[in-house]
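Source file work.cif; content: mmCIF, C-alpha atoms.
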```cif
data_upload
loop_
_atom_site.label_atom_id
_atom_site.label_comp_id
_atom_site.auth_asym_id
_atom_site.auth_seq_id
_atom_site.Cartn_x
_atom_site.Cartn_y
_atom_site.Cartn_z
CA MET R 1255 -85.01 -73.84 62.61
CA THR R 1256 -88.78 -73.49 62.71
CA VAL R 1257 -90.29 -73.13 59.26
CA TYR R 1258 -93.60 -71.34 59.06
CA PRO R 1259 -96.50 -73.64 57.96
CA THR R 1260 -97.17 -71.48 54.89
CA ILE R 1261 -93.60 -72.04 53.74
CA GLU R 1262 -93.89 -75.80 54.32
CA ARG R 1263 -97.10 -75.80 52.28
CA LEU R 1264 -95.53 -73.71 49.51
CA LYS R 1265 -92.74 -76.28 49.24
CA GLU R 1266 -95.35 -79.03 48.77
CA VAL R 1267 -97.52 -77.38 46.13
CA VAL R 1268 -95.54 -74.89 44.02
CA GLY R 1269 -93.37 -77.34 42.07
CA ASP R 1270 -96.41 -79.14 40.65
CA GLY R 1271 -98.27 -75.94 39.82
CA GLU R 1272 -101.25 -76.90 41.99
CA GLU R 1273 -103.12 -73.68 41.37
CA ARG R 1274 -105.97 -74.22 43.86
CA ALA R 1275 -103.61 -75.20 46.68
CA ILE R 1276 -101.33 -72.25 45.88
CA CYS R 1277 -104.34 -69.90 46.02
CA GLU R 1278 -105.02 -70.90 49.63
CA ILE R 1279 -101.67 -69.58 50.90
CA LEU R 1280 -101.77 -66.25 49.02
CA ALA R 1281 -103.02 -63.00 50.56
CA GLU R 1282 -105.89 -61.38 48.66
CA ASN R 1283 -103.67 -58.53 47.44
CA VAL R 1284 -100.50 -60.59 46.98
CA GLN R 1285 -97.88 -59.04 44.72
CA PHE R 1286 -95.84 -61.29 42.42
CA GLN R 1287 -92.68 -60.15 40.64
CA PRO R 1288 -91.45 -62.57 37.97
CA PRO R 1289 -87.88 -63.18 36.81
CA THR R 1290 -88.90 -62.52 33.22
CA TYR R 1291 -89.77 -58.80 33.30
CA TYR R 1292 -89.75 -55.85 35.70
CA LYS R 1293 -93.47 -55.69 36.42
CA THR R 1294 -95.79 -56.74 39.24
CA TRP R 1295 -98.89 -58.95 39.21
CA THR R 1296 -101.38 -58.09 41.96
CA GLY R 1297 -104.16 -60.32 43.33
CA ARG R 1298 -104.65 -63.91 44.45
CA LYS R 1299 -106.31 -65.21 41.29
CA PRO R 1300 -103.90 -63.93 38.64
CA VAL R 1301 -100.88 -64.78 40.81
CA ALA R 1302 -102.12 -68.34 41.46
CA ALA R 1303 -102.75 -68.72 37.71
CA ILE R 1304 -99.22 -67.50 36.90
CA LEU R 1305 -97.65 -69.82 39.49
CA GLY R 1306 -99.77 -72.69 38.18
CA HIS R 1307 -98.39 -72.19 34.67
CA VAL R 1308 -94.82 -71.83 35.99
CA GLY R 1309 -95.18 -75.12 37.86
CA HIS R 1310 -96.12 -76.84 34.61
CA ILE R 1311 -93.15 -75.37 32.72
CA PHE R 1312 -90.56 -76.28 35.37
CA SER R 1313 -89.48 -79.91 35.57
CA ASN R 1314 -87.39 -81.68 38.23
CA PHE R 1315 -88.24 -78.80 40.60
CA LYS R 1316 -86.57 -79.08 44.01
CA TYR R 1317 -86.21 -76.60 46.83
CA ARG R 1318 -82.75 -76.75 48.46
CA ARG R 1319 -81.75 -74.34 51.21
CA VAL R 1320 -84.56 -72.55 53.02
CA PHE R 1321 -83.55 -69.29 54.70
CA GLY R 1322 -85.59 -66.99 56.89
CA ARG R 1323 -87.86 -66.59 59.86
CA ASP R 1324 -91.07 -64.86 60.89
CA GLN R 1325 -92.34 -62.89 57.87
CA ASP R 1326 -89.26 -62.99 55.63
CA TRP R 1327 -88.11 -66.07 53.68
CA ALA R 1328 -85.75 -66.99 50.85
CA LEU R 1329 -86.11 -70.43 49.23
CA GLU R 1330 -83.36 -71.66 46.91
CA PHE R 1331 -84.53 -73.93 44.10
CA HIS R 1332 -83.15 -75.89 41.17
CA CYS R 1333 -85.16 -77.01 38.13
CA ASN R 1334 -85.11 -77.60 34.39
CA ILE R 1335 -86.90 -75.73 31.63
CA GLY R 1336 -86.80 -78.06 28.66
CA ASP R 1337 -83.21 -79.28 28.61
CA LEU R 1338 -81.84 -76.12 30.28
CA ASN R 1339 -80.79 -75.89 33.94
CA ALA R 1340 -81.96 -73.17 36.28
CA VAL R 1341 -81.24 -72.04 39.82
CA GLY R 1342 -83.44 -69.51 41.59
CA VAL R 1343 -84.62 -68.00 44.83
CA ASP R 1344 -88.21 -67.30 45.87
CA LEU R 1345 -88.17 -64.16 48.04
CA ILE R 1346 -91.29 -64.38 50.19
CA THR R 1347 -92.94 -61.93 52.58
CA LEU R 1348 -95.81 -63.13 54.77
CA ASN R 1349 -98.53 -60.86 56.12
CA GLU R 1350 -99.75 -60.80 59.74
CA TYR R 1351 -102.05 -63.76 59.05
CA GLY R 1352 -99.19 -65.86 57.67
CA LEU R 1353 -100.35 -65.57 54.05
CA ILE R 1354 -97.96 -64.69 51.23
CA SER R 1355 -98.17 -60.96 50.56
CA ARG R 1356 -95.11 -60.64 48.33
CA PHE R 1357 -93.47 -63.24 46.09
CA GLU R 1358 -90.46 -62.24 44.02
CA VAL R 1359 -88.45 -64.69 41.91
CA VAL R 1360 -84.81 -64.26 40.92
CA MET R 1361 -83.00 -66.81 38.72
CA ARG R 1362 -79.99 -67.76 36.65
CA PRO R 1363 -78.84 -68.12 33.97
CA HIS R 1364 -80.04 -65.53 31.45
CA LYS R 1365 -80.73 -68.07 28.67
CA THR R 1366 -83.04 -70.19 30.83
CA ILE R 1367 -85.06 -67.15 31.94
CA GLY R 1368 -85.52 -66.35 28.24
CA ALA R 1369 -86.85 -69.87 27.68
CA LEU R 1370 -89.21 -69.42 30.64
CA ARG R 1371 -90.50 -66.16 29.16
CA GLU R 1372 -91.26 -67.81 25.82
CA ALA R 1373 -92.97 -70.80 27.44
CA MET R 1374 -95.05 -68.52 29.73
CA ASN R 1375 -96.17 -66.31 26.84
CA ALA R 1376 -97.30 -69.38 24.90
CA ARG R 1377 -99.31 -70.75 27.85
CA ILE R 1378 -100.88 -67.40 28.81
CA MET R 1379 -101.98 -66.72 25.23
CA ASN R 1380 -104.05 -69.91 25.47
CA ASP R 1381 -105.53 -69.16 28.92
CA VAL R 1382 -108.59 -66.97 28.34
CA ARG R 1383 -108.61 -65.83 31.98
CA PHE R 1384 -105.66 -63.57 31.14
CA MET R 1385 -107.97 -61.41 29.01
CA ARG R 1386 -109.35 -60.31 32.38
CA PHE R 1387 -106.17 -60.71 34.44
CA LYS R 1388 -104.05 -58.44 32.25
CA SER R 1389 -105.31 -55.38 34.15
CA SER R 1390 -103.60 -56.87 37.25
CA LEU R 1391 -100.15 -56.38 35.70
CA THR R 1392 -98.50 -53.02 36.38
CA MET Q 544 -79.34 -62.38 64.34
CA THR Q 545 -75.57 -62.78 64.36
CA VAL Q 546 -74.03 -62.09 60.97
CA TYR Q 547 -70.70 -63.74 60.25
CA PRO Q 548 -67.80 -61.22 59.90
CA THR Q 549 -67.12 -62.36 56.31
CA ILE Q 550 -70.69 -61.49 55.37
CA GLU Q 551 -70.40 -58.06 57.04
CA ARG Q 552 -67.20 -57.45 55.12
CA LEU Q 553 -68.77 -58.63 51.85
CA LYS Q 554 -71.55 -56.09 52.35
CA GLU Q 555 -68.95 -53.33 52.72
CA VAL Q 556 -66.78 -54.12 49.72
CA VAL Q 557 -68.73 -55.87 46.95
CA GLY Q 558 -70.90 -52.95 45.82
CA ASP Q 559 -67.85 -50.80 45.01
CA GLY Q 560 -65.99 -53.62 43.25
CA GLU Q 561 -63.01 -53.35 45.62
CA GLU Q 562 -61.14 -56.25 44.08
CA ARG Q 563 -58.30 -56.46 46.61
CA ALA Q 564 -60.66 -56.37 49.58
CA ILE Q 565 -62.94 -58.95 47.94
CA CYS Q 566 -59.94 -61.23 47.38
CA GLU Q 567 -59.26 -61.36 51.14
CA ILE Q 568 -62.62 -62.98 51.94
CA LEU Q 569 -62.51 -65.60 49.16
CA ALA Q 570 -61.27 -69.17 49.65
CA GLU Q 571 -58.40 -70.15 47.35
CA ASN Q 572 -60.61 -72.50 45.34
CA VAL Q 573 -63.78 -70.40 45.51
CA GLN Q 574 -66.40 -71.20 42.88
CA PHE Q 575 -68.43 -68.36 41.36
CA GLN Q 576 -71.59 -68.94 39.32
CA PRO Q 577 -72.80 -65.82 37.48
CA PRO Q 578 -76.38 -64.91 36.56
CA THR Q 579 -75.35 -64.46 32.94
CA TYR Q 580 -74.48 -68.05 31.90
CA TYR Q 581 -74.50 -71.57 33.31
CA LYS Q 582 -70.79 -71.94 33.96
CA THR Q 583 -68.47 -71.77 36.98
CA TRP Q 584 -65.38 -69.64 37.61
CA THR Q 585 -62.90 -71.29 39.99
CA GLY Q 586 -60.13 -69.57 41.95
CA ARG Q 587 -59.63 -66.49 44.10
CA LYS Q 588 -57.96 -64.29 41.46
CA PRO Q 589 -60.39 -64.74 38.55
CA VAL Q 590 -63.39 -64.57 40.87
CA ALA Q 591 -62.15 -61.36 42.55
CA ALA Q 592 -61.52 -59.88 39.09
CA ILE Q 593 -65.05 -60.81 37.95
CA LEU Q 594 -66.61 -59.36 41.12
CA GLY Q 595 -64.49 -56.23 40.71
CA HIS Q 596 -65.88 -55.67 37.21
CA VAL Q 597 -69.44 -56.40 38.37
CA GLY Q 598 -69.09 -53.81 41.14
CA HIS Q 599 -68.13 -51.21 38.54
CA ILE Q 600 -71.10 -52.06 36.29
CA PHE Q 601 -73.70 -51.99 39.08
CA SER Q 602 -74.78 -48.57 40.37
CA ASN Q 603 -76.88 -47.67 43.42
CA PHE Q 604 -76.03 -51.12 44.82
CA LYS Q 605 -77.71 -51.85 48.16
CA TYR Q 606 -78.07 -55.06 50.13
CA ARG Q 607 -81.53 -55.40 51.69
CA ARG Q 608 -82.55 -58.53 53.61
CA VAL Q 609 -79.74 -60.77 54.82
CA PHE Q 610 -80.75 -64.39 55.45
CA GLY Q 611 -78.70 -67.23 56.88
CA ARG Q 612 -76.44 -68.49 59.59
CA ASP Q 613 -73.25 -70.47 60.05
CA GLN Q 614 -71.97 -71.44 56.58
CA ASP Q 615 -75.04 -70.67 54.47
CA TRP Q 616 -76.19 -67.16 53.53
CA ALA Q 617 -78.54 -65.44 51.10
CA LEU Q 618 -78.17 -61.68 50.57
CA GLU Q 619 -80.92 -59.81 48.72
CA PHE Q 620 -79.73 -56.80 46.71
CA HIS Q 621 -81.11 -54.06 44.50
CA CYS Q 622 -79.11 -52.08 41.93
CA ASN Q 623 -79.15 -50.40 38.53
CA ILE Q 624 -77.35 -51.37 35.35
CA GLY Q 625 -77.43 -48.25 33.22
CA ASP Q 626 -81.04 -47.10 33.53
CA LEU Q 627 -82.40 -50.60 34.17
CA ASN Q 628 -83.46 -51.89 37.60
CA ALA Q 629 -82.30 -55.20 39.02
CA VAL Q 630 -83.03 -57.34 42.06
CA GLY Q 631 -80.83 -60.27 43.00
CA VAL Q 632 -79.65 -62.67 45.65
CA ASP Q 633 -76.07 -63.66 46.44
CA LEU Q 634 -76.11 -67.30 47.57
CA ILE Q 635 -73.00 -67.74 49.69
CA THR Q 636 -71.36 -70.80 51.25
CA LEU Q 637 -68.49 -70.29 53.71
CA ASN Q 638 -65.76 -72.87 54.33
CA GLU Q 639 -64.55 -74.01 57.77
CA TYR Q 640 -62.25 -70.97 57.99
CA GLY Q 641 -65.10 -68.56 57.30
CA LEU Q 642 -63.95 -67.76 53.75
CA ILE Q 643 -66.33 -67.76 50.80
CA SER Q 644 -66.10 -71.13 49.04
CA ARG Q 645 -69.17 -70.77 46.82
CA PHE Q 646 -70.81 -67.60 45.45
CA GLU Q 647 -73.81 -67.96 43.17
CA VAL Q 648 -75.82 -64.98 41.88
CA VAL Q 649 -79.46 -65.09 40.79
CA MET Q 650 -81.25 -62.00 39.46
CA ARG Q 651 -84.26 -60.50 37.75
CA PRO Q 652 -85.41 -59.33 35.29
CA HIS Q 653 -84.19 -61.07 32.12
CA LYS Q 654 -83.50 -57.82 30.24
CA THR Q 655 -81.20 -56.42 32.93
CA ILE Q 656 -79.19 -59.66 33.09
CA GLY Q 657 -78.71 -59.32 29.33
CA ALA Q 658 -77.39 -55.78 29.83
CA LEU Q 659 -75.03 -57.09 32.54
CA ARG Q 660 -73.73 -59.76 30.15
CA GLU Q 661 -72.97 -57.20 27.46
CA ALA Q 662 -71.27 -54.84 29.90
CA MET Q 663 -69.19 -57.68 31.40
CA ASN Q 664 -68.07 -58.93 27.99
CA ALA Q 665 -66.93 -55.43 27.04
CA ARG Q 666 -64.93 -55.01 30.29
CA ILE Q 667 -63.37 -58.48 30.20
CA MET Q 668 -62.25 -58.05 26.58
CA ASN Q 669 -60.20 -55.08 27.78
CA ASP Q 670 -58.72 -56.84 30.84
CA VAL Q 671 -55.65 -58.75 29.65
CA ARG Q 672 -55.65 -60.94 32.77
CA PHE Q 673 -58.58 -62.82 31.29
CA MET Q 674 -56.29 -64.25 28.61
CA ARG Q 675 -54.93 -66.31 31.49
CA PHE Q 676 -58.11 -66.54 33.59
CA LYS Q 677 -60.21 -68.06 30.81
CA SER Q 678 -58.95 -71.54 31.72
CA SER Q 679 -60.66 -71.04 35.12
CA LEU Q 680 -64.11 -71.04 33.49
CA THR Q 681 -65.74 -74.47 33.13
#
```
Take the structure in the file and write it out as structure tokens.
Amino acid sequence: MTVYPTIERLKEVVGDGEERAICEILAENVQFQPPTYYKTWTGRKPVAAILGHVGHIFSNFKYRRVFGRDQDWALEFHCNIGDLNAVGVDLITLNEYGLISRFEVVMRPHKTIGALREAMNARIMNDVRFMRFKSSLT
Amino acid sequence: MTVYPTIERLKEVVGDGEERAICEILAENVQFQPPTYYKTWTGRKPVAAILGHVGHIFSNFKYRRVFGRDQDWALEFHCNIGDLNAVGVDLITLNEYGLISRFEVVMRPHKTIGALREAMNARIMNDVRFMRFKSSLT
């Protein structure tokens, strides 16, 4: 199976929360839909910032099966949040330039997603950029 | 893309919670990992019963993108639980006979998975078979 270069790059940088490297593979108007609530973040900068924080909350992050082709991808991952286990899938859509235009994350189990939500809220409250970014959440 | 017959059949029967039809595509020792907690159900009968209940809790269930080939599949779905929206992925592994040997469900958002857990607990409490099935949960 041929894996698109953007997907290969995503696999390298997302687990460590490398915000600048993540930014380079996002489309300018990328939409990100988190597992924690039913809302959408829009725009390269806020989405890279969110993914950066997520990468610092997740530990032992590993992608497993990679499904997809052309513009549509699904990447199965396993990780820990504190001492809790999590399994998830990144649902990715690429635009015509091969950049990520949609990034939706589904996970299990319920308890671990709750722990992620708490950890994200704590990090975002201390990241002043989110004073500006909050208008990107709809 | 060629979709395995078991996956086609799954798409037909899972949304309506057709327990008997679901049973026919499960391996005898199928393992099911729900989005609600980090445990595993083992065995065709308990897993079909769980999926039957889930199908009755979900409304407006639709599969969208179907990823995979051979023994590994990922099926993206959308549905409602009460008036809440949900997105999820069924992560499926088939055995050498084409039956489902592993079925793991990841979802978003957190709140909807909580509503699913409450609805499942209420249904299972009223299904006497789970007095016996509970030993299948580890």
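Minimum distance to Leu1280 (chain R) across R:Arg1383, R:Arg1356, R:Arg1377, R:Arg1323 (counting all atoms listed in the file) occurs at R:Arg1356.
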Residue among R:Lys1299, R:His1332, R:Lys1316, R:His1364 lying closest to chain Q, counting all atoms listed in the file: R:His1364
Translate the PyMOL selection byres ((chain Q) within 10 of (chain R)), as applied to the file shown, into an explicit residue set as a PDB file with C-alpha atoms, in the coordinates of the input.
```
ATOM      1  CA  GLN Q 576     -71.590 -68.940  39.320  1.00  0.00           C
ATOM      2  CA  PRO Q 577     -72.800 -65.820  37.480  1.00  0.00           C
ATOM      3  CA  PRO Q 578     -76.380 -64.910  36.560  1.00  0.00           C
ATOM      4  CA  THR Q 579     -75.350 -64.460  32.940  1.00  0.00           C
ATOM      5  CA  TYR Q 580     -74.480 -68.050  31.900  1.00  0.00           C
ATOM      6  CA  TYR Q 581     -74.500 -71.570  33.310  1.00  0.00           C
ATOM      7  CA  LYS Q 582     -70.790 -71.940  33.960  1.00  0.00           C
ATOM      8  CA  ARG Q 608     -82.550 -58.530  53.610  1.00  0.00           C
ATOM      9  CA  VAL Q 609     -79.740 -60.770  54.820  1.00  0.00           C
ATOM     10  CA  PHE Q 610     -80.750 -64.390  55.450  1.00  0.00           C
ATOM     11  CA  GLY Q 611     -78.700 -67.230  56.880  1.00  0.00           C
ATOM     12  CA  ARG Q 612     -76.440 -68.490  59.590  1.00  0.00           C
ATOM     13  CA  ASP Q 615     -75.040 -70.670  54.470  1.00  0.00           C
ATOM     14  CA  TRP Q 616     -76.190 -67.160  53.530  1.00  0.00           C
ATOM     15  CA  ALA Q 617     -78.540 -65.440  51.100  1.00  0.00           C
ATOM     16  CA  LEU Q 618     -78.170 -61.680  50.570  1.00  0.00           C
ATOM     17  CA  GLU Q 619     -80.920 -59.810  48.720  1.00  0.00           C
ATOM     18  CA  LEU Q 627     -82.400 -50.600  34.170  1.00  0.00           C
ATOM     19  CA  ASN Q 628     -83.460 -51.890  37.600  1.00  0.00           C
ATOM     20  CA  ALA Q 629     -82.300 -55.200  39.020  1.00  0.00           C
ATOM     21  CA  VAL Q 630     -83.030 -57.340  42.060  1.00  0.00           C
ATOM     22  CA  GLY Q 631     -80.830 -60.270  43.000  1.00  0.00           C
ATOM     23  CA  VAL Q 632     -79.650 -62.670  45.650  1.00  0.00           C
ATOM     24  CA  ASP Q 633     -76.070 -63.660  46.440  1.00  0.00           C
ATOM     25  CA  LEU Q 634     -76.110 -67.300  47.570  1.00  0.00           C
ATOM     26  CA  GLU Q 647     -73.810 -67.960  43.170  1.00  0.00           C
ATOM     27  CA  VAL Q 648     -75.820 -64.980  41.880  1.00  0.00           C
ATOM     28  CA  VAL Q 649     -79.460 -65.090  40.790  1.00  0.00           C
ATOM     29  CA  MET Q 650     -81.250 -62.000  39.460  1.00  0.00           C
ATOM     30  CA  ARG Q 651     -84.260 -60.500  37.750  1.00  0.00           C
ATOM     31  CA  PRO Q 652     -85.410 -59.330  35.290  1.00  0.00           C
ATOM     32  CA  HIS Q 653     -84.190 -61.070  32.120  1.00  0.00           C
ATOM     33  CA  LYS Q 654     -83.500 -57.820  30.240  1.00  0.00           C
ATOM     34  CA  THR Q 655     -81.200 -56.420  32.930  1.00  0.00           C
ATOM     35  CA  ILE Q 656     -79.190 -59.660  33.090  1.00  0.00           C
ATOM     36  CA  GLY Q 657     -78.710 -59.320  29.330  1.00  0.00           C
ATOM     37  CA  LEU Q 659     -75.030 -57.090  32.540  1.00  0.00           C
ATOM     38  CA  ARG Q 660     -73.730 -59.760  30.150  1.00  0.00           C
TER      39      ARG Q 660
END
```
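Rounded to one decimal, CA of Phe1357 (chain R) and CA of Val556 (chain Q) lie 28.4 Å from each other.
Reported to one decimal place, the separation of CA of Arg1318 (chain R) from CA of Gly641 (chain Q) is 21.4 Å.
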If the PyMOL selection byres ((chain Q and resi 572) around 8) were run on this exact file, what residues would it hold? Put them as a PyMOL selection string. chain Q and resi 570-571+573-574+585-587+644
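Between CA of Ala665 (chain Q) and CA of Pro589 (chain Q) the separation is 16.2 Å.
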So which residues fall inside 12 Å of (-63.4, -62.0, 54.4) if we count only C-alpha atoms? Mind giving them as a PyMOL selection string? chain Q and resi 547-557+563-571+587+591+637-638+640-644
May I have the residues from that selection written out with C-alpha atoms, as an mmCIF file, keeping the file's coordinate frame?
```cif
data_model
loop_
_atom_site.group_PDB
_atom_site.id
_atom_site.type_symbol
_atom_site.label_atom_id
_atom_site.label_comp_id
_atom_site.auth_asym_id
_atom_site.auth_seq_id
_atom_site.Cartn_x
_atom_site.Cartn_y
_atom_site.Cartn_z
ATOM 1 C CA TYR Q 547 -70.700 -63.740 60.250
ATOM 2 C CA PRO Q 548 -67.800 -61.220 59.900
ATOM 3 C CA THR Q 549 -67.120 -62.360 56.310
ATOM 4 C CA ILE Q 550 -70.690 -61.490 55.370
ATOM 5 C CA GLU Q 551 -70.400 -58.060 57.040
ATOM 6 C CA ARG Q 552 -67.200 -57.450 55.120
ATOM 7 C CA LEU Q 553 -68.770 -58.630 51.850
ATOM 8 C CA LYS Q 554 -71.550 -56.090 52.350
ATOM 9 C CA GLU Q 555 -68.950 -53.330 52.720
ATOM 10 C CA VAL Q 556 -66.780 -54.120 49.720
ATOM 11 C CA VAL Q 557 -68.730 -55.870 46.950
ATOM 12 C CA ARG Q 563 -58.300 -56.460 46.610
ATOM 13 C CA ALA Q 564 -60.660 -56.370 49.580
ATOM 14 C CA ILE Q 565 -62.940 -58.950 47.940
ATOM 15 C CA CYS Q 566 -59.940 -61.230 47.380
ATOM 16 C CA GLU Q 567 -59.260 -61.360 51.140
ATOM 17 C CA ILE Q 568 -62.620 -62.980 51.940
ATOM 18 C CA LEU Q 569 -62.510 -65.600 49.160
ATOM 19 C CA ALA Q 570 -61.270 -69.170 49.650
ATOM 20 C CA GLU Q 571 -58.400 -70.150 47.350
ATOM 21 C CA ARG Q 587 -59.630 -66.490 44.100
ATOM 22 C CA ALA Q 591 -62.150 -61.360 42.550
ATOM 23 C CA LEU Q 637 -68.490 -70.290 53.710
ATOM 24 C CA ASN Q 638 -65.760 -72.870 54.330
ATOM 25 C CA TYR Q 640 -62.250 -70.970 57.990
ATOM 26 C CA GLY Q 641 -65.100 -68.560 57.300
ATOM 27 C CA LEU Q 642 -63.950 -67.760 53.750
ATOM 28 C CA ILE Q 643 -66.330 -67.760 50.800
ATOM 29 C CA SER Q 644 -66.100 -71.130 49.040
#
```
Give me the residues within 10 Å of Ser1313 (chain R) as a ChimeraX atom specification, counting only C-alpha atoms and dropping any in the same chain fewer than 5 places off. /R:1269-1270,1308,1332-1337,1339
Let me know the centre plus edge lengths, in Å and rounded to one decimal, of a box with edges along x, y and z that contains all listed atoms of region 571-576 of chain Q and is padded by 5 Å on every side, as JSON.
```
{"center_x": -65.0, "center_y": -70.4, "center_z": 43.3, "size_x": 23.2, "size_y": 14.1, "size_z": 18.0}
```
Local residues around (-61.3, -69.1, 32.9), at most 10 Å away, using only C-alpha atoms, as an mmCIF file with C-alpha atoms, in the coordinates of the input:
```cif
data_model
loop_
_atom_site.group_PDB
_atom_site.id
_atom_site.type_symbol
_atom_site.label_atom_id
_atom_site.label_comp_id
_atom_site.auth_asym_id
_atom_site.auth_seq_id
_atom_site.Cartn_x
_atom_site.Cartn_y
_atom_site.Cartn_z
ATOM 1 C CA LYS Q 582 -70.790 -71.940 33.960
ATOM 2 C CA THR Q 583 -68.470 -71.770 36.980
ATOM 3 C CA TRP Q 584 -65.380 -69.640 37.610
ATOM 4 C CA THR Q 585 -62.900 -71.290 39.990
ATOM 5 C CA GLY Q 586 -60.130 -69.570 41.950
ATOM 6 C CA PRO Q 589 -60.390 -64.740 38.550
ATOM 7 C CA VAL Q 590 -63.390 -64.570 40.870
ATOM 8 C CA ARG Q 672 -55.650 -60.940 32.770
ATOM 9 C CA PHE Q 673 -58.580 -62.820 31.290
ATOM 10 C CA MET Q 674 -56.290 -64.250 28.610
ATOM 11 C CA ARG Q 675 -54.930 -66.310 31.490
ATOM 12 C CA PHE Q 676 -58.110 -66.540 33.590
ATOM 13 C CA LYS Q 677 -60.210 -68.060 30.810
ATOM 14 C CA SER Q 678 -58.950 -71.540 31.720
ATOM 15 C CA SER Q 679 -60.660 -71.040 35.120
ATOM 16 C CA LEU Q 680 -64.110 -71.040 33.490
ATOM 17 C CA THR Q 681 -65.740 -74.470 33.130
#
```
Ranking R:Ile1346, R:Val1257, R:Ile1311, R:Ile1304 by minimum distance to Ile1378 (chain R) and counting all atoms listed in the file, which one comes first? R:Ile1304
Mind completing region 574-588 of chain Q with N, CA and C atoms? Output as a CSV table (one decimal), in the coordinates of the input, please?
```csv
chain,number,residue,atom,x,y,z
Q,574,GLN,N,-65.7,-71.0,44.1
Q,574,GLN,CA,-66.4,-71.2,42.9
Q,574,GLN,C,-67.4,-70.1,42.8
Q,575,PHE,N,-67.5,-69.4,41.6
Q,575,PHE,CA,-68.4,-68.4,41.4
Q,575,PHE,C,-69.3,-68.7,40.2
Q,576,GLN,N,-70.6,-68.6,40.4
Q,576,GLN,CA,-71.6,-68.9,39.3
Q,576,GLN,C,-72.4,-67.7,39.0
Q,577,PRO,N,-72.2,-67.1,37.8
Q,577,PRO,CA,-72.8,-65.8,37.5
Q,577,PRO,C,-74.3,-66.0,37.0
Q,578,PRO,N,-75.0,-64.9,37.1
Q,578,PRO,CA,-76.4,-64.9,36.6
Q,578,PRO,C,-76.4,-64.9,35.0
Q,579,THR,N,-75.3,-64.7,34.4
Q,579,THR,CA,-75.4,-64.5,32.9
Q,579,THR,C,-75.3,-65.7,32.1
Q,580,TYR,N,-74.6,-66.8,32.6
Q,580,TYR,CA,-74.5,-68.0,31.9
Q,580,TYR,C,-74.3,-69.2,32.9
Q,581,TYR,N,-74.5,-70.4,32.4
Q,581,TYR,CA,-74.5,-71.6,33.3
Q,581,TYR,C,-73.1,-72.2,33.3
Q,582,LYS,N,-72.2,-71.4,33.8
Q,582,LYS,CA,-70.8,-71.9,34.0
Q,582,LYS,C,-70.3,-71.5,35.3
Q,583,THR,N,-69.1,-72.0,35.7
Q,583,THR,CA,-68.5,-71.8,37.0
Q,583,THR,C,-67.0,-71.2,36.8
Q,584,TRP,N,-66.7,-70.1,37.5
Q,584,TRP,CA,-65.4,-69.6,37.6
Q,584,TRP,C,-64.8,-70.2,38.9
Q,585,THR,N,-63.5,-70.7,38.8
Q,585,THR,CA,-62.9,-71.3,40.0
Q,585,THR,C,-61.6,-70.6,40.3
Q,586,GLY,N,-61.4,-70.2,41.5
Q,586,GLY,CA,-60.1,-69.6,42.0
Q,586,GLY,C,-60.3,-68.1,42.4
Q,587,ARG,N,-59.5,-67.8,43.5
Q,587,ARG,CA,-59.6,-66.5,44.1
Q,587,ARG,C,-59.4,-65.3,43.1
Q,588,LYS,N,-58.3,-65.4,42.3
Q,588,LYS,CA,-58.0,-64.3,41.5
Q,588,LYS,C,-59.0,-64.0,40.4
```
